[in-house]
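Peer 1: Please find entry-v8.cif (mmCIF, C-alpha atoms) on the next line:
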data_coords
loop_
_atom_site.label_atom_id
_atom_site.label_comp_id
_atom_site.auth_asym_id
_atom_site.auth_seq_id
_atom_site.Cartn_x
_atom_site.Cartn_y
_atom_site.Cartn_z
CA MET A 1 -26.82 1.15 -12.20
CA TRP A 2 -25.43 1.93 -8.76
CA GLY A 3 -28.80 1.06 -7.23
CA THR A 4 -28.69 -2.30 -8.99
CA VAL A 5 -25.18 -2.98 -7.65
CA LYS A 6 -26.40 -2.31 -4.10
CA GLU A 7 -29.44 -4.54 -4.61
CA THR A 8 -27.15 -7.28 -5.92
CA ILE A 9 -24.92 -7.21 -2.87
CA GLU A 10 -27.81 -7.09 -0.42
CA ALA A 11 -29.29 -10.16 -2.16
CA MET A 12 -26.06 -12.19 -1.98
CA PRO A 13 -26.46 -15.55 -0.21
CA ALA A 14 -25.38 -15.79 3.42
CA ALA A 15 -26.41 -19.31 4.39
CA THR A 16 -22.86 -20.46 5.16
CA GLU A 17 -20.04 -18.77 7.04
CA ARG A 18 -18.07 -18.34 3.84
CA GLU A 19 -21.04 -16.83 1.99
CA ARG A 20 -21.74 -14.48 4.89
CA LEU A 21 -18.17 -13.21 5.06
CA HIS A 22 -17.94 -12.90 1.28
CA ALA A 23 -21.13 -10.82 1.14
CA ALA A 24 -19.83 -8.63 3.98
CA ARG A 25 -16.53 -8.15 2.16
CA CYS A 26 -18.26 -7.19 -1.10
CA ARG A 27 -20.39 -4.62 0.70
CA TRP A 28 -17.37 -3.13 2.47
CA LEU A 29 -15.28 -3.04 -0.72
CA LEU A 30 -17.97 -1.10 -2.56
CA THR A 31 -18.39 1.25 0.39
CA VAL A 32 -14.80 2.31 1.02
CA GLY A 33 -14.35 3.87 -2.44
CA LEU A 34 -10.57 3.82 -2.90
CA ARG A 35 -8.33 2.91 -5.82
CA ALA A 36 -7.61 -0.82 -6.04
CA VAL A 37 -3.97 -0.30 -5.11
CA GLU A 38 -5.04 1.82 -2.13
CA VAL A 39 -7.46 -0.82 -0.89
CA THR A 40 -4.82 -3.55 -1.02
CA GLY A 41 -2.10 -1.32 0.43
CA THR A 42 -3.93 0.27 3.36
CA ALA A 43 -4.29 -1.17 6.86
CA MET A 44 -7.26 -0.71 9.17
CA GLY A 45 -5.00 1.17 11.55
CA ALA A 46 -4.97 4.00 8.98
CA PHE A 47 -8.35 5.09 10.37
CA PHE A 48 -8.00 7.65 13.13
CA CYS A 49 -10.14 10.15 15.00
CA ARG A 50 -9.35 13.73 15.98
CA ARG A 51 -11.28 16.71 17.34
CA ASP A 52 -11.81 19.88 15.36
CA ALA A 53 -11.78 23.45 16.67
CA GLN A 54 -15.34 22.96 18.03
CA SER A 55 -14.36 19.71 19.79
CA ILE A 56 -16.34 17.64 17.28
CA GLU A 57 -14.82 14.20 16.74
CA ARG A 58 -14.14 13.44 13.08
CA TRP A 59 -12.84 10.19 11.64
CA TRP A 60 -10.32 10.13 8.80
CA LEU A 61 -8.55 7.53 6.69
CA GLU A 62 -4.93 8.17 5.79
CA VAL A 63 -4.15 6.77 2.35
CA THR A 64 -0.97 6.67 0.29
CA GLY A 65 -1.96 6.96 -3.36
CA LYS A 66 -0.40 7.67 -6.72
CA GLY A 67 3.12 9.06 -6.68
CA ASN A 68 3.51 7.87 -3.09
CA LYS A 69 1.46 10.89 -1.99
CA THR A 70 -0.44 10.74 1.28
CA ARG A 71 -3.90 12.22 1.67
CA LEU A 72 -6.67 12.24 4.25
CA VAL A 73 -10.06 10.88 3.20
CA PRO A 74 -13.07 11.97 5.31
CA ALA A 75 -14.51 8.90 7.04
CA THR A 76 -18.18 9.80 7.38
CA ASP A 77 -20.39 8.41 10.13
CA GLU A 78 -21.84 6.04 7.56
CA LEU A 79 -18.40 4.77 6.53
CA ILE A 80 -17.38 4.21 10.17
CA ALA A 81 -20.66 2.34 10.78
CA GLU A 82 -19.95 0.14 7.76
CA LEU A 83 -16.41 -0.48 9.02
CA ALA A 84 -17.82 -1.55 12.38
CA ARG A 85 -20.36 -3.78 10.63
CA TYR A 86 -17.63 -5.44 8.58
CA ARG A 87 -15.32 -5.94 11.56
CA ARG A 88 -18.11 -7.41 13.70
CA ALA A 89 -18.79 -9.94 10.91
CA HIS A 90 -15.25 -11.19 11.60
CA GLY A 91 -15.65 -11.13 15.36
CA LEU A 92 -13.46 -8.06 15.76
CA ALA A 93 -13.97 -4.96 17.88
CA PRO A 94 -15.93 -2.36 15.86
CA THR A 95 -13.14 0.24 15.94
CA PRO A 96 -9.59 -0.48 14.79
CA GLN A 97 -6.71 0.20 17.13
CA PRO A 98 -4.05 2.79 16.25
CA GLY A 99 -1.35 1.08 14.23
CA GLU A 100 -3.48 -2.00 13.55
CA THR A 101 -1.93 -3.86 10.64
CA ARG A 102 -4.96 -5.86 9.49
CA PRO A 103 -5.72 -5.08 5.84
CA LEU A 104 -8.88 -3.24 4.82
CA LEU A 105 -10.14 -6.42 3.13
CA LEU A 106 -9.90 -9.57 5.22
CA PRO A 107 -9.63 -13.13 3.86
CA VAL A 108 -12.82 -15.19 3.86
CA ILE A 109 -10.98 -18.45 4.44
CA GLY A 110 -7.90 -18.98 6.56
CA ARG A 111 -9.03 -16.72 9.41
CA GLU A 112 -5.63 -17.31 11.05
CA ASN A 113 -4.11 -15.28 8.18
CA ARG A 114 -6.07 -12.09 8.86
CA ASP A 115 -2.97 -9.94 8.54
CA LYS A 116 -2.46 -11.06 4.94
CA GLY A 117 -4.23 -8.75 2.50
CA LEU A 118 -5.70 -9.57 -0.89
CA SER A 119 -3.80 -9.09 -4.11
CA ARG A 120 -5.05 -6.61 -6.68
CA GLY A 121 -5.90 -9.54 -8.90
CA ALA A 122 -8.12 -11.09 -6.23
CA LEU A 123 -9.79 -7.74 -5.62
CA HIS A 124 -10.59 -7.33 -9.31
CA LEU A 125 -12.07 -10.84 -9.40
CA ILE A 126 -14.42 -9.91 -6.55
CA LEU A 127 -15.51 -6.77 -8.38
CA LYS A 128 -15.93 -8.70 -11.63
CA GLU A 129 -18.23 -11.14 -9.82
CA VAL A 130 -20.34 -8.38 -8.27
CA PHE A 131 -20.65 -6.40 -11.50
CA GLY A 132 -21.40 -9.55 -13.46
CA LEU A 133 -24.24 -10.44 -11.09
CA ALA A 134 -25.55 -6.88 -11.26
CA ALA A 135 -25.44 -6.95 -15.06
CA ALA A 136 -27.42 -10.20 -15.08
CA ARG A 137 -29.94 -8.58 -12.76
CA LEU A 138 -30.41 -5.72 -15.24
CA ARG A 139 -30.68 -8.04 -18.24
CA ALA A 140 -33.45 -9.95 -16.46
CA ARG A 141 -35.56 -6.78 -16.64
CA GLY A 142 -35.65 -6.83 -20.41
CA ALA A 143 -33.83 -5.87 -23.59
CA LYS A 144 -34.04 -2.13 -22.95
CA TRP A 145 -31.55 -2.58 -20.07
CA GLU A 146 -28.89 -4.25 -22.22
CA ALA A 147 -26.77 -1.11 -22.72
CA GLN A 148 -26.55 -0.41 -18.99
CA ALA A 149 -25.94 -4.10 -18.29
CA ALA A 150 -23.00 -4.04 -20.71
CA VAL A 151 -21.50 -1.08 -18.83
CA LEU A 152 -21.77 -2.92 -15.52
CA ALA A 153 -20.37 -6.14 -16.97
CA SER A 154 -17.17 -4.28 -17.90
CA ALA A 155 -17.01 -2.06 -14.78
CA SER A 156 -13.97 -1.83 -12.51
CA ALA A 157 -12.74 -0.13 -9.34
CA HIS A 158 -12.36 3.05 -11.38
CA TRP A 159 -16.08 2.93 -12.22
CA LEU A 160 -16.78 2.97 -8.48
CA ARG A 161 -14.59 6.04 -8.00
CA HIS A 162 -16.21 7.79 -10.95
CA THR A 163 -19.67 6.99 -9.60
CA ALA A 164 -18.83 8.28 -6.14
CA GLY A 165 -17.21 11.43 -7.54
CA SER A 166 -20.19 12.10 -9.79
CA HIS A 167 -22.54 11.66 -6.85
CA MET A 168 -20.58 14.15 -4.75
CA THR A 169 -20.59 16.77 -7.48
CA ASP A 170 -24.26 16.14 -8.20
CA GLN A 171 -24.93 16.83 -4.53
CA GLN A 172 -22.93 20.05 -4.85
CA VAL A 173 -19.97 19.08 -2.71
CA ASP A 174 -17.32 21.74 -3.33
CA LEU A 175 -15.11 20.63 -6.23
CA ARG A 176 -11.99 21.38 -4.18
CA TYR A 177 -13.16 18.85 -1.60
CA VAL A 178 -13.95 16.25 -4.24
CA ARG A 179 -10.48 16.81 -5.72
CA ASP A 180 -8.81 16.26 -2.37
CA ASN A 181 -11.03 13.31 -1.42
CA PHE A 182 -9.94 11.47 -4.55
CA GLY A 183 -6.27 12.36 -4.37
CA HIS A 184 -6.04 14.55 -7.42
CA ALA A 185 -3.77 16.90 -5.44
CA SER A 186 -1.50 16.41 -2.40
CA ILE A 187 -2.44 17.81 1.03
CA SER A 188 -0.62 18.54 4.26
CA THR A 189 -1.65 16.98 7.56
CA THR A 190 0.36 19.36 9.75
CA SER A 191 -0.77 22.82 8.80
CA GLY A 192 -3.33 24.39 11.13
CA TYR A 193 -4.84 26.31 8.24
CA LEU A 194 -5.27 23.17 6.15
CA HIS A 195 -6.77 21.43 9.16
CA SER A 196 -9.55 24.02 9.05
CA GLU A 197 -10.07 23.35 5.34
CA GLU A 198 -10.07 19.62 5.97
CA ASP A 199 -12.73 19.95 8.66
CA ALA A 200 -14.95 21.89 6.25
CA ARG A 201 -14.33 19.23 3.59
CA HIS A 202 -15.27 16.51 6.09
CA GLU A 203 -18.49 18.33 7.02
CA ALA A 204 -19.49 18.82 3.36
CA THR A 205 -18.80 15.18 2.51
CA GLN A 206 -20.58 13.92 5.63
CA ALA A 207 -23.69 15.99 4.90
CA ARG A 208 -24.14 15.10 1.24
CA HIS A 209 -22.44 11.80 0.36
CA ARG A 210 -24.20 8.62 1.49
CA ILE A 211 -24.26 5.00 0.31
CA ASP A 212 -27.68 4.42 1.99
CA TRP A 213 -27.68 0.65 2.34
CA THR A 214 -31.19 -0.68 2.96
CA SER A 215 -30.18 -2.95 5.87
CA LYS A 216 -28.30 -1.38 8.79
CA THR A 217 -27.39 -4.48 10.79
#
For the structure just supplied, provide its representation as structure tokens.

Peer 2:
Amino acid sequence: MWGTVKETIEAMPAATERERLHAARCRWLLTVGLRAVEVTGTAMGAFFCRRDAQSIERWWLEVTGKGNKTRLVPATDELIAELARYRRAHGLAPTPQPGETRPLLLPVIGRENRDKGLSRGALHLILKEVFGLAAARLRARGAKWEAQAAVLASASAHWLRHTAGSHMTDQQVDLRYVRDNFGHASISTTSGYLHSEEDARHEATQARHRIDWTSKT
């Protein structure tokens, strides 16, 4: 099902400026992997880079989730490349500036209102469109795909999180890291000891969790 969702997005029309930006936004939304409220409530300036004990640069995304708890999400090389791809589609520099207030999802129309984020309702409509198209794609393969098509037709942002979490565990990412990536427990960003744990979590996520879009440009 996840493969069909990716195929659906990569096949979205891009003949007009609006279609191109909409397709880019759909791809980015399904890449970032946050809760709906986190997507709509997080700015691009929440991405930041720091060096670990071996002077390796690692990107992170600081997110405030349920219970107003803040966590750090490992931003893998793939995620940063997708961020750059999305920003370039809007004529922006590939890397956000510290403190940048632009929302994670940019408007397709009204480019002068780039600092105005989408509502949760608008985000869910985008997901409903993508999942509906993906479901139709499955149904076109024949009746034996109807059950999976029905799942996709009713999918939501939570389905994306569940899919990503299942993929991480299937690839044997340490369950503690999966827990922290998805905000099932709070973390500290100031403790040196936890920084070491976070770096190990980043490395494990980077090595084993990939979206693997077919097109890279």

Peer 1: Evaluate the PyMOL selection byres ((chain A and resi 150) around 10) and record the selected residues as an mmCIF file with C-alpha atoms, keeping the file's coordinate frame, following the chain and residue labels used in the document.

Peer 2:
data_model
loop_
_atom_site.group_PDB
_atom_site.id
_atom_site.type_symbol
_atom_site.label_atom_id
_atom_site.label_comp_id
_atom_site.auth_asym_id
_atom_site.auth_seq_id
_atom_site.Cartn_x
_atom_site.Cartn_y
_atom_site.Cartn_z
ATOM 1 C CA PHE A 131 -20.650 -6.400 -11.500
ATOM 2 C CA GLY A 132 -21.400 -9.550 -13.460
ATOM 3 C CA ALA A 135 -25.440 -6.950 -15.060
ATOM 4 C CA ALA A 136 -27.420 -10.200 -15.080
ATOM 5 C CA LEU A 138 -30.410 -5.720 -15.240
ATOM 6 C CA ARG A 139 -30.680 -8.040 -18.240
ATOM 7 C CA TRP A 145 -31.550 -2.580 -20.070
ATOM 8 C CA GLU A 146 -28.890 -4.250 -22.220
ATOM 9 C CA ALA A 147 -26.770 -1.110 -22.720
ATOM 10 C CA GLN A 148 -26.550 -0.410 -18.990
ATOM 11 C CA ALA A 149 -25.940 -4.100 -18.290
ATOM 12 C CA VAL A 151 -21.500 -1.080 -18.830
ATOM 13 C CA LEU A 152 -21.770 -2.920 -15.520
ATOM 14 C CA ALA A 153 -20.370 -6.140 -16.970
ATOM 15 C CA SER A 154 -17.170 -4.280 -17.900
ATOM 16 C CA ALA A 155 -17.010 -2.060 -14.780
#

Peer 1: Pick from A:Lys66, A:Arg18, A:Arg210, A:Arg58: nearest to Gly41 (chain A), with only C-alpha atoms counted?

Peer 2: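 The closest residue to Gly41 (chain A) is A:Lys66.
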
Peer 1: For a quick check of understanding, using all atoms listed in the file, which of A:Lys144, A:Arg87, A:Arg201, A:Arg137 has the smallest distance to Met1 (chain A)?

Peer 2: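 The shortest atom-to-atom distance to Met1 (chain A) comes from A:Arg137.
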
Peer 1: Is it possible to get the residues within 12 Å of (-17.2, 6.0, -10.7) (coordinates as in the file, counting only C-alpha atoms) written as a list in words?

Peer 2: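 Residues found, by chain and rising number: Met1, Trp2, Leu30, Gly33, Leu34, Arg35, Val151, Leu152, Ala155, Ser156, Ala157, His158, Trp159, Leu160, Arg161, His162, Thr163, Ala164, Gly165, Ser166, His167, Met168, Thr169 and Phe182 of chain A.
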
Peer 1: For the residues selected in the previous step, produce a file with C-alpha atoms as an mmCIF file, in the frame of the given file.

Peer 2:
data_model
loop_
_atom_site.group_PDB
_atom_site.id
_atom_site.type_symbol
_atom_site.label_atom_id
_atom_site.label_comp_id
_atom_site.auth_asym_id
_atom_site.auth_seq_id
_atom_site.Cartn_x
_atom_site.Cartn_y
_atom_site.Cartn_z
ATOM 1 C CA MET A 1 -26.820 1.150 -12.200
ATOM 2 C CA TRP A 2 -25.430 1.930 -8.760
ATOM 3 C CA LEU A 30 -17.970 -1.100 -2.560
ATOM 4 C CA GLY A 33 -14.350 3.870 -2.440
ATOM 5 C CA LEU A 34 -10.570 3.820 -2.900
ATOM 6 C CA ARG A 35 -8.330 2.910 -5.820
ATOM 7 C CA VAL A 151 -21.500 -1.080 -18.830
ATOM 8 C CA LEU A 152 -21.770 -2.920 -15.520
ATOM 9 C CA ALA A 155 -17.010 -2.060 -14.780
ATOM 10 C CA SER A 156 -13.970 -1.830 -12.510
ATOM 11 C CA ALA A 157 -12.740 -0.130 -9.340
ATOM 12 C CA HIS A 158 -12.360 3.050 -11.380
ATOM 13 C CA TRP A 159 -16.080 2.930 -12.220
ATOM 14 C CA LEU A 160 -16.780 2.970 -8.480
ATOM 15 C CA ARG A 161 -14.590 6.040 -8.000
ATOM 16 C CA HIS A 162 -16.210 7.790 -10.950
ATOM 17 C CA THR A 163 -19.670 6.990 -9.600
ATOM 18 C CA ALA A 164 -18.830 8.280 -6.140
ATOM 19 C CA GLY A 165 -17.210 11.430 -7.540
ATOM 20 C CA SER A 166 -20.190 12.100 -9.790
ATOM 21 C CA HIS A 167 -22.540 11.660 -6.850
ATOM 22 C CA MET A 168 -20.580 14.150 -4.750
ATOM 23 C CA THR A 169 -20.590 16.770 -7.480
ATOM 24 C CA PHE A 182 -9.940 11.470 -4.550
#

Peer 1: List every protein, DNA or RNA residue that has an atom no more than 9 Å from (-6.7, -1.5, -4.5) in the file's coordinate frame, counting only C-alpha atoms, and report them as a PyMOL selection string.

Peer 2: chain A and resi 34-42+118-120+123-124+157

Peer 1: Carefully work through the PyMOL selection byres ((chain A and resi 9) around 8) for this structure and note down the residues it includes, as a list in words.

Peer 2: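 Listing what the PyMOL selection byres ((chain A and resi 9) around 8) selects in the shown file: Val5, Lys6, Glu7, Thr8, Glu10, Ala11, Met12, Ala23, Cys26, Arg27 and Val130 of chain A.
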
Peer 1: Applying the PyMOL selection byres ((chain A and resi 50) around 12) to the file I just gave you, which residues come out? Please list them as an MDAnalysis selection string.

Peer 2: chainID A and resid 47:49 51:61 74:75 189 195 198:199 202

Peer 1: Met44 (chain A): which residues within 6 Å, counting all atoms listed in the file, same-chain residues fewer than 3 positions away excluded, as a ChimeraX atom specification?

Peer 2: /A:100,102-104

Peer 1: Between A:Asn68, A:Ala81, A:Ala15, A:Leu133, which one has atoms that come closest to Thr31 (chain A), using all atoms listed in the file?

Peer 2: A:Ala81

Peer 1: Would you list the contacts of Ala89 (chain A) as a short mmCIF file (atom, residue, chain, number, x, y, z; two decimals) with C-alpha atoms, in the coordinates of the input, taking every protein, DNA or RNA residue within 8 Å and counting all atoms listed in the file, but skipping same-chain residues closer than 4 positions in sequence?

Peer 2:
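Saved to selection-v7.cif:
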data_model
loop_
_atom_site.label_atom_id
_atom_site.label_comp_id
_atom_site.auth_asym_id
_atom_site.auth_seq_id
_atom_site.Cartn_x
_atom_site.Cartn_y
_atom_site.Cartn_z
CA LEU A 21 -18.17 -13.21 5.06
CA ALA A 24 -19.83 -8.63 3.98
CA ARG A 85 -20.36 -3.78 10.63
#

Peer 1: From the set A:Glu129, A:Glu62, A:Glu19, A:Asp77, which residue has the shortest atom-to-atom contact distance to Thr205 (chain A), counting only C-alpha atoms?

Peer 2: A:Asp77

Peer 1: Could you work out how far CA of Thr4 (chain A) lies from CA of Pro94 (chain A), giving the answer in Å with one decimal?

Peer 2: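 Atom-to-atom, CA of Pro94 (chain A) and CA of Thr4 (chain A) are spaced 27.9 Å apart.
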
Peer 1: At what distance in Å, to one decimal, does CA of Pro96 (chain A) lie from CA of Ala46 (chain A)?

Peer 2: 8.7 Å

Peer 1: In Å, how far is it from CA of Leu106 (chain A) to CA of Ala122 (chain A)?

Peer 2: 11.7 Å
